[in-house]
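Here's start-v3.cif, which has mmCIF, C-alpha atoms:
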data_model
#
loop_
_atom_site.label_atom_id
_atom_site.label_comp_id
_atom_site.auth_asym_id
_atom_site.auth_seq_id
_atom_site.Cartn_x
_atom_site.Cartn_y
_atom_site.Cartn_z
CA MET A 183 42.92 -62.68 -18.19
CA VAL A 184 41.46 -59.66 -16.34
CA LYS A 185 38.56 -59.54 -18.80
CA ALA A 186 37.84 -63.25 -18.39
CA THR A 187 38.16 -63.62 -14.60
CA GLN A 188 37.11 -60.16 -13.31
CA PRO A 189 39.47 -60.20 -10.28
CA GLU A 190 39.05 -57.72 -7.41
CA TRP A 191 42.65 -58.03 -6.19
CA LEU A 192 45.84 -57.55 -8.22
CA PRO A 193 49.22 -58.29 -6.60
CA GLY A 194 52.27 -57.00 -8.42
CA VAL A 195 55.58 -55.19 -8.37
CA PRO A 196 56.07 -51.54 -9.46
CA MET A 197 57.47 -52.55 -12.85
CA ILE A 198 54.23 -54.38 -13.73
CA TYR A 199 52.19 -51.21 -13.22
CA LYS A 200 54.79 -49.13 -15.04
CA ARG A 201 54.87 -51.51 -18.02
CA LEU A 202 51.07 -51.48 -18.24
CA LEU A 203 51.06 -47.67 -18.34
CA GLU A 204 53.71 -47.70 -21.06
CA ARG A 205 51.57 -49.81 -23.39
CA ASP A 206 50.19 -47.77 -26.27
CA ASP A 207 46.92 -49.71 -26.08
CA PHE A 208 46.50 -49.73 -22.29
CA LYS A 209 43.70 -47.16 -22.39
CA ASP A 210 41.75 -49.59 -24.57
CA TYR A 211 41.91 -52.16 -21.75
CA VAL A 212 41.31 -49.82 -18.80
CA LYS A 213 37.59 -50.64 -18.76
CA TYR A 214 38.43 -54.26 -17.92
CA PHE A 215 40.39 -53.13 -14.84
CA LYS A 216 37.36 -51.46 -13.28
CA CYS A 217 36.67 -54.73 -11.42
CA VAL A 218 39.99 -54.40 -9.54
CA LYS A 219 39.45 -52.77 -6.13
CA ILE A 220 42.79 -53.34 -4.41
CA CYS A 221 46.29 -53.65 -5.82
CA ASN A 222 49.32 -54.69 -3.79
CA SER A 223 52.84 -53.56 -4.61
CA GLY A 224 56.14 -54.70 -3.15
CA ALA A 225 59.72 -55.76 -3.98
CA SER A 226 60.79 -52.16 -4.63
CA ALA A 227 59.54 -48.63 -4.01
CA MET A 228 56.54 -47.57 -6.07
CA PRO A 229 57.15 -44.26 -7.89
CA VAL A 230 54.40 -41.88 -6.77
CA GLN A 231 53.64 -40.73 -10.31
CA VAL A 232 53.18 -44.35 -11.47
CA MET A 233 50.80 -45.05 -8.58
CA GLN A 234 48.76 -41.92 -9.16
CA GLU A 235 48.47 -42.44 -12.93
CA PHE A 236 47.46 -46.11 -12.60
CA GLU A 237 44.85 -45.25 -9.98
CA ARG A 238 43.54 -42.35 -12.06
CA LEU A 239 43.03 -44.56 -15.09
CA THR A 240 41.68 -47.68 -13.39
CA GLY A 241 40.03 -46.44 -10.21
CA ALA A 242 41.92 -49.07 -8.18
CA ASN A 243 43.74 -48.46 -4.89
CA ILE A 244 47.40 -49.48 -4.67
CA ARG A 245 48.55 -50.57 -1.22
CA GLU A 246 52.28 -50.88 -0.67
CA GLY A 247 54.04 -53.32 1.61
CA TYR A 248 57.53 -54.36 2.62
CA GLY A 249 59.27 -57.63 3.26
CA MET A 250 62.35 -59.70 2.59
CA THR A 251 63.19 -63.32 1.86
CA GLU A 252 64.55 -63.39 5.42
CA THR A 253 61.14 -62.38 6.81
CA SER A 254 58.93 -64.98 5.15
CA PRO A 255 58.33 -62.32 3.59
CA SER A 256 55.95 -59.70 5.05
CA THR A 257 56.80 -57.25 7.85
CA ILE A 258 55.09 -53.95 7.00
CA SER A 259 51.93 -53.23 5.03
CA THR A 260 49.43 -50.48 4.31
CA PRO A 261 46.14 -51.40 6.07
CA VAL A 262 43.46 -52.36 3.55
CA GLN A 263 40.72 -50.62 5.53
CA GLY A 264 42.87 -48.08 7.34
CA LEU A 265 44.64 -44.85 6.57
CA ARG A 266 46.75 -44.83 3.43
CA LYS A 267 49.63 -42.41 2.97
CA ILE A 268 51.04 -41.99 -0.53
CA GLY A 269 54.70 -42.99 -0.56
CA SER A 270 54.48 -45.01 2.67
CA ILE A 271 54.86 -48.78 2.93
CA GLY A 272 52.49 -48.73 5.90
CA VAL A 273 52.79 -50.02 9.46
CA PRO A 274 54.18 -53.24 11.00
CA VAL A 275 52.02 -56.35 10.60
CA PRO A 276 50.75 -58.03 13.82
CA ASN A 277 53.31 -59.52 16.23
CA THR A 278 56.14 -57.69 14.50
CA GLU A 279 58.48 -55.22 16.18
CA ILE A 280 60.58 -52.67 14.37
CA LYS A 281 63.26 -50.14 15.30
CA ILE A 282 64.91 -47.40 13.28
CA VAL A 283 68.54 -47.15 14.33
CA ASP A 284 71.63 -45.11 13.54
CA VAL A 285 73.26 -46.34 10.33
CA ASN A 286 76.63 -46.56 12.09
CA ASP A 287 75.47 -47.75 15.53
CA PRO A 288 72.52 -50.18 15.71
CA THR A 289 72.30 -49.70 19.49
CA LYS A 290 71.09 -46.11 19.03
CA ILE A 291 67.47 -45.47 18.06
CA VAL A 292 67.09 -42.35 15.94
CA PRO A 293 64.50 -39.65 16.76
CA GLN A 294 61.10 -39.83 15.07
CA GLY A 295 61.22 -38.38 11.57
CA GLN A 296 64.95 -38.96 11.19
CA ALA A 297 66.33 -41.45 8.68
CA GLY A 298 67.95 -44.61 9.98
CA GLU A 299 68.31 -48.32 9.28
CA LEU A 300 65.22 -50.47 9.71
CA ILE A 301 65.65 -53.52 11.94
CA VAL A 302 62.91 -56.11 12.45
CA LYS A 303 61.98 -58.76 15.00
CA GLY A 304 59.09 -61.21 14.87
CA PRO A 305 58.00 -64.83 14.37
CA GLN A 306 58.52 -64.56 10.61
CA VAL A 307 62.20 -63.58 10.86
CA MET A 308 64.62 -66.33 9.82
CA LYS A 309 66.78 -68.24 12.30
CA GLY A 310 69.82 -67.81 10.09
CA TYR A 311 71.44 -68.64 6.76
CA TRP A 312 72.00 -72.32 6.05
CA ASN A 313 75.63 -73.23 6.83
CA LYS A 314 76.67 -69.56 6.84
CA PRO A 315 77.36 -68.64 10.49
CA LYS A 316 79.44 -65.54 9.64
CA GLU A 317 76.74 -64.05 7.41
CA THR A 318 74.10 -64.92 10.03
CA LEU A 319 75.99 -63.03 12.76
CA GLU A 320 76.28 -60.00 10.48
CA GLN A 321 72.56 -60.00 9.68
CA LEU A 322 71.05 -60.97 13.04
CA LYS A 323 71.78 -59.02 16.23
CA ASP A 324 70.07 -60.45 19.34
CA GLY A 325 67.17 -61.64 17.21
CA TRP A 326 66.87 -58.35 15.31
CA LEU A 327 67.26 -58.57 11.54
CA MET A 328 69.40 -55.83 9.99
CA THR A 329 67.51 -55.04 6.78
CA GLY A 330 69.98 -52.62 5.17
CA ASP A 331 67.09 -50.32 4.28
CA ILE A 332 67.04 -46.67 5.33
CA VAL A 333 63.58 -45.50 6.43
CA LYS A 334 61.74 -42.76 8.31
CA MET A 335 58.71 -42.97 10.61
CA ASP A 336 56.10 -40.20 10.80
CA GLU A 337 53.96 -39.13 13.75
CA ASP A 338 51.32 -41.79 12.98
CA GLY A 339 53.82 -44.64 12.90
CA TYR A 340 53.82 -44.96 9.11
CA ILE A 341 57.10 -46.01 7.51
CA PHE A 342 58.66 -44.38 4.46
CA ILE A 343 61.58 -45.96 2.61
CA VAL A 344 64.41 -43.53 1.95
CA ASP A 345 67.00 -45.75 0.28
CA ARG A 346 69.22 -48.80 0.58
CA LYS A 347 72.08 -48.34 3.05
CA LYS A 348 74.61 -49.55 0.49
CA GLU A 349 73.38 -46.98 -2.03
CA MET A 350 74.04 -43.94 0.16
CA ILE A 351 76.48 -41.56 -1.49
CA ASN A 352 79.09 -39.66 0.53
CA VAL A 353 79.50 -36.17 -0.92
CA SER A 354 82.00 -34.18 1.17
CA GLY A 355 80.61 -35.72 4.36
CA GLU A 356 76.98 -35.18 3.36
CA LYS A 357 74.75 -38.26 2.96
CA VAL A 358 72.95 -38.32 -0.37
CA PHE A 359 70.22 -40.89 -0.90
CA ALA A 360 70.11 -42.13 -4.48
CA ALA A 361 66.34 -42.65 -4.34
CA GLU A 362 65.73 -38.99 -3.51
CA VAL A 363 67.70 -37.86 -6.55
CA GLU A 364 65.95 -40.44 -8.74
CA ASN A 365 62.52 -39.26 -7.59
CA ALA A 366 63.48 -35.67 -8.39
CA LEU A 367 64.67 -36.66 -11.87
CA LEU A 368 61.44 -38.52 -12.55
CA GLN A 369 59.51 -35.29 -11.96
CA PHE A 370 61.19 -33.81 -15.05
CA GLU A 371 58.86 -34.32 -18.02
CA PRO A 372 61.41 -35.63 -20.59
CA ILE A 373 62.71 -38.40 -18.29
CA ALA A 374 61.11 -41.84 -18.47
CA ASN A 375 63.40 -43.57 -15.98
CA ALA A 376 66.48 -42.78 -13.89
CA ALA A 377 69.13 -44.57 -11.86
CA VAL A 378 71.62 -42.84 -9.56
CA ILE A 379 74.91 -44.15 -8.17
CA GLY A 380 77.90 -42.77 -6.33
CA VAL A 381 81.23 -42.66 -8.15
CA PRO A 382 84.71 -41.68 -6.92
CA HIS A 383 85.44 -37.96 -7.01
CA PRO A 384 88.09 -37.32 -9.69
CA THR A 385 90.34 -35.24 -7.40
CA GLU A 386 89.23 -35.82 -3.80
CA LYS A 387 90.32 -39.22 -2.49
CA GLY A 388 87.68 -40.97 -0.39
CA ASN A 389 84.98 -38.62 -1.59
CA GLU A 390 82.16 -39.36 -4.03
CA GLN A 391 80.02 -37.49 -6.50
CA VAL A 392 76.55 -38.18 -7.81
CA MET A 393 76.16 -39.81 -11.22
CA ALA A 394 72.79 -40.25 -12.94
CA PHE A 395 71.78 -42.49 -15.82
CA VAL A 396 68.57 -41.41 -17.53
CA ILE A 397 66.26 -42.78 -20.20
CA LEU A 398 64.34 -40.15 -22.13
CA LYS A 399 60.76 -40.45 -23.27
CA GLU A 400 60.09 -40.84 -26.96
CA GLY A 401 60.38 -37.55 -28.82
CA TYR A 402 63.14 -36.04 -26.67
CA ARG A 403 66.72 -35.70 -27.88
CA GLU A 404 69.89 -36.91 -26.22
CA ASN A 405 72.05 -33.81 -26.57
CA GLU A 406 73.92 -31.16 -24.61
CA GLU A 407 70.87 -28.90 -24.47
CA THR A 408 68.80 -31.62 -22.78
CA LEU A 409 71.65 -32.32 -20.34
CA ALA A 410 71.77 -28.65 -19.41
CA GLU A 411 67.99 -28.61 -18.87
CA ILE A 412 68.20 -31.67 -16.60
CA LYS A 413 70.97 -30.13 -14.49
CA ASP A 414 69.09 -26.85 -14.26
CA PHE A 415 65.95 -28.71 -13.11
CA CYS A 416 67.99 -30.55 -10.47
CA ARG A 417 69.57 -27.33 -9.18
CA LYS A 418 66.09 -25.90 -8.65
CA ASN A 419 64.76 -29.00 -6.86
CA LEU A 420 67.72 -30.44 -4.95
CA ALA A 421 70.36 -29.22 -2.53
CA HIS A 422 73.54 -28.30 -4.40
CA PHE A 423 75.51 -31.35 -3.17
CA LYS A 424 72.76 -33.70 -4.41
CA VAL A 425 72.80 -32.42 -8.00
CA PRO A 426 74.33 -35.04 -10.36
CA LYS A 427 77.77 -34.00 -11.54
CA VAL A 428 77.70 -36.59 -14.30
CA ILE A 429 74.64 -37.51 -16.37
CA GLU A 430 74.63 -40.18 -19.05
CA PHE A 431 71.84 -41.16 -21.42
CA LYS A 432 70.77 -44.79 -21.70
CA LYS A 433 68.35 -46.63 -23.98
CA GLU A 434 67.60 -49.25 -21.35
CA PHE A 435 68.71 -50.40 -17.90
CA PRO A 436 69.89 -53.84 -16.81
CA GLU A 437 67.04 -55.31 -14.75
CA THR A 438 66.29 -58.28 -12.51
CA VAL A 439 63.42 -60.62 -13.36
CA ILE A 440 61.06 -58.48 -11.25
CA GLY A 441 62.10 -55.23 -12.90
CA LYS A 442 64.57 -53.83 -10.35
CA ILE A 443 67.41 -51.86 -11.89
CA LYS A 444 70.68 -53.77 -11.42
CA LYS A 445 72.81 -50.94 -10.11
CA ILE A 446 75.78 -53.24 -9.62
CA ASP A 447 75.89 -53.58 -13.42
CA LEU A 448 75.79 -49.80 -13.82
CA LYS A 449 78.62 -49.45 -11.29
CA ASP A 450 80.66 -52.07 -13.15
CA TYR A 451 79.99 -50.22 -16.41
CA GLU A 452 81.21 -46.96 -14.87
CA LYS A 453 84.34 -48.68 -13.49
CA ARG A 454 85.21 -50.05 -16.92
CA ASN A 455 84.84 -46.56 -18.36
CA ARG A 456 87.40 -45.37 -15.81
CA GLY A 457 89.73 -48.18 -16.85
CA GLU A 458 89.30 -50.26 -13.69
CA GLU A 459 88.99 -54.01 -13.64
CA VAL A 460 85.60 -55.41 -12.69
#

Give the structure from this file in structure tokens form.
Amino acid sequence: MVKATQPEWLPGVPMIYKRLLERDDFKDYVKYFKCVKICNSGASAMPVQVMQEFERLTGANIREGYGMTETSPSTISTPVQGLRKIGSIGVPVPNTEIKIVDVNDPTKIVPQGQAGELIVKGPQVMKGYWNKPKETLEQLKDGWLMTGDIVKMDEDGYIFIVDRKKEMINVSGEKVFAAEVENALLQFEPIANAAVIGVPHPTEKGNEQVMAFVILKEGYRENEETLAEIKDFCRKNLAHFKVPKVIEFKKEFPETVIGKIKKIDLKDYEKRNRGEEV
């Protein structure tokens, strides 16, 4: 299709770019992608190494954005002709207001550079859920949509996604963002993909520990030596409380139709392993 139509714009989700890079024959088709000038990416965070490798091979520019079904869908985007910051989803689109608030108190705006929950207000924000007044009240506060996403804002007003609020892990009172641990794991050469969840601490009630599921690249072995190497890499690149206490190898991850890892399935799997009902 790219060869036949010579498009200049390619919209996609991170998994599309990742799957293209994973193709053994992709380098044979790279020349046909030279026509593509701008690529859009949304639906989930784009791994930096995937973005950089795709751009290196094709010469295209990937611009990230952010939105939700409840926002029709766009709220934040990287300007096509403006400054681009790797890892940022960009700045609010016109006529859209945003705030970054305390995860436990939406009336408190957090200082610049500090992580907090993103809330959004604008003409594209929904009026409410059909016939679901309770859910609407939980999601909308005085016209502000509670997104459930944890973000940071830099000095130029660019937004960086940190994690989903529901995926924060409580380790002895410390907040651990699963995405940060996943990004660290993906920097380790043998790892092709990673998913991190919080699981109950075996001896400390109400506390959690970090668990990582990893898929290795072809040619690497799933053994105790590799596990030790992964943990050692994490200890060198993460604070001690963020290092996964449990690591399990996987051949594949459960995914949605757009390639998001279904962490709820991984959590259910871990519960069954502990003998709990799902």

Spatial neighbours of Gly339 of chain A, max dist 10 Å, only C-alpha atoms, sep filter under 6 positions, as a ChimeraX atom specification: /A:272-274,294-295

Evaluate the PyMOL selection byres ((chain A and resi 340) around 10) and record the selected residues as number ranges by chain, following the chain and residue labels used in the document. A: 258-260, 265-267, 269-274, 334-339, 341-342

For the file shown, what are the residues hit by the PyMOL selection byres ((chain A and resi 282) around 9), laid out as a ChimeraX atom specification? /A:280-281,283-285,288,290-294,296-302,332-335

Using only C-alpha atoms, which of the listed residues (A:Arg245, A:Arg201, A:Lys185, A:Lys442) sits closest to Lys216 of chain A? A:Lys185

If you measure from atom CA of Pro193 of chain A to atom CA of Gln369 of chain A, what distance in Å do you get, rounded to one decimal?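 Separating atom CA of Pro193 of chain A from atom CA of Gln369 of chain A is a distance of 25.8 Å.
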
All residues 7 Å or closer to segment 222-234 of chain A, only C-alpha atoms, same chain fewer than 3 positions away omitted, as number ranges by chain: A: 192-196, 200, 237-238, 244-248, 269

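If all atoms listed in the file are the atoms counted, then among A:Glu317, A:Asp210, A:Glu430, A:Asp447 the closest residue to Glu406 of chain A is A:Glu430.
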
Grab the atom CA of Lys418 of chain A to atom CA of Ile268 of chain A distance for me, in Å with one decimal place.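 That distance, rounded to one decimal, is 23.5 Å.
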
Do you know which residues the PyMOL selection byres ((chain A and resi 426) around 12) returns on this file, as a ChimeraX atom specification? /A:351,353,358-360,362-364,366-367,376-381,383,390-396,409-410,412-417,419-425,427-430

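Picture a line from atom CA of Asn313 of chain A to atom CA of Glu252 of chain A; it runs 14.9 Å.
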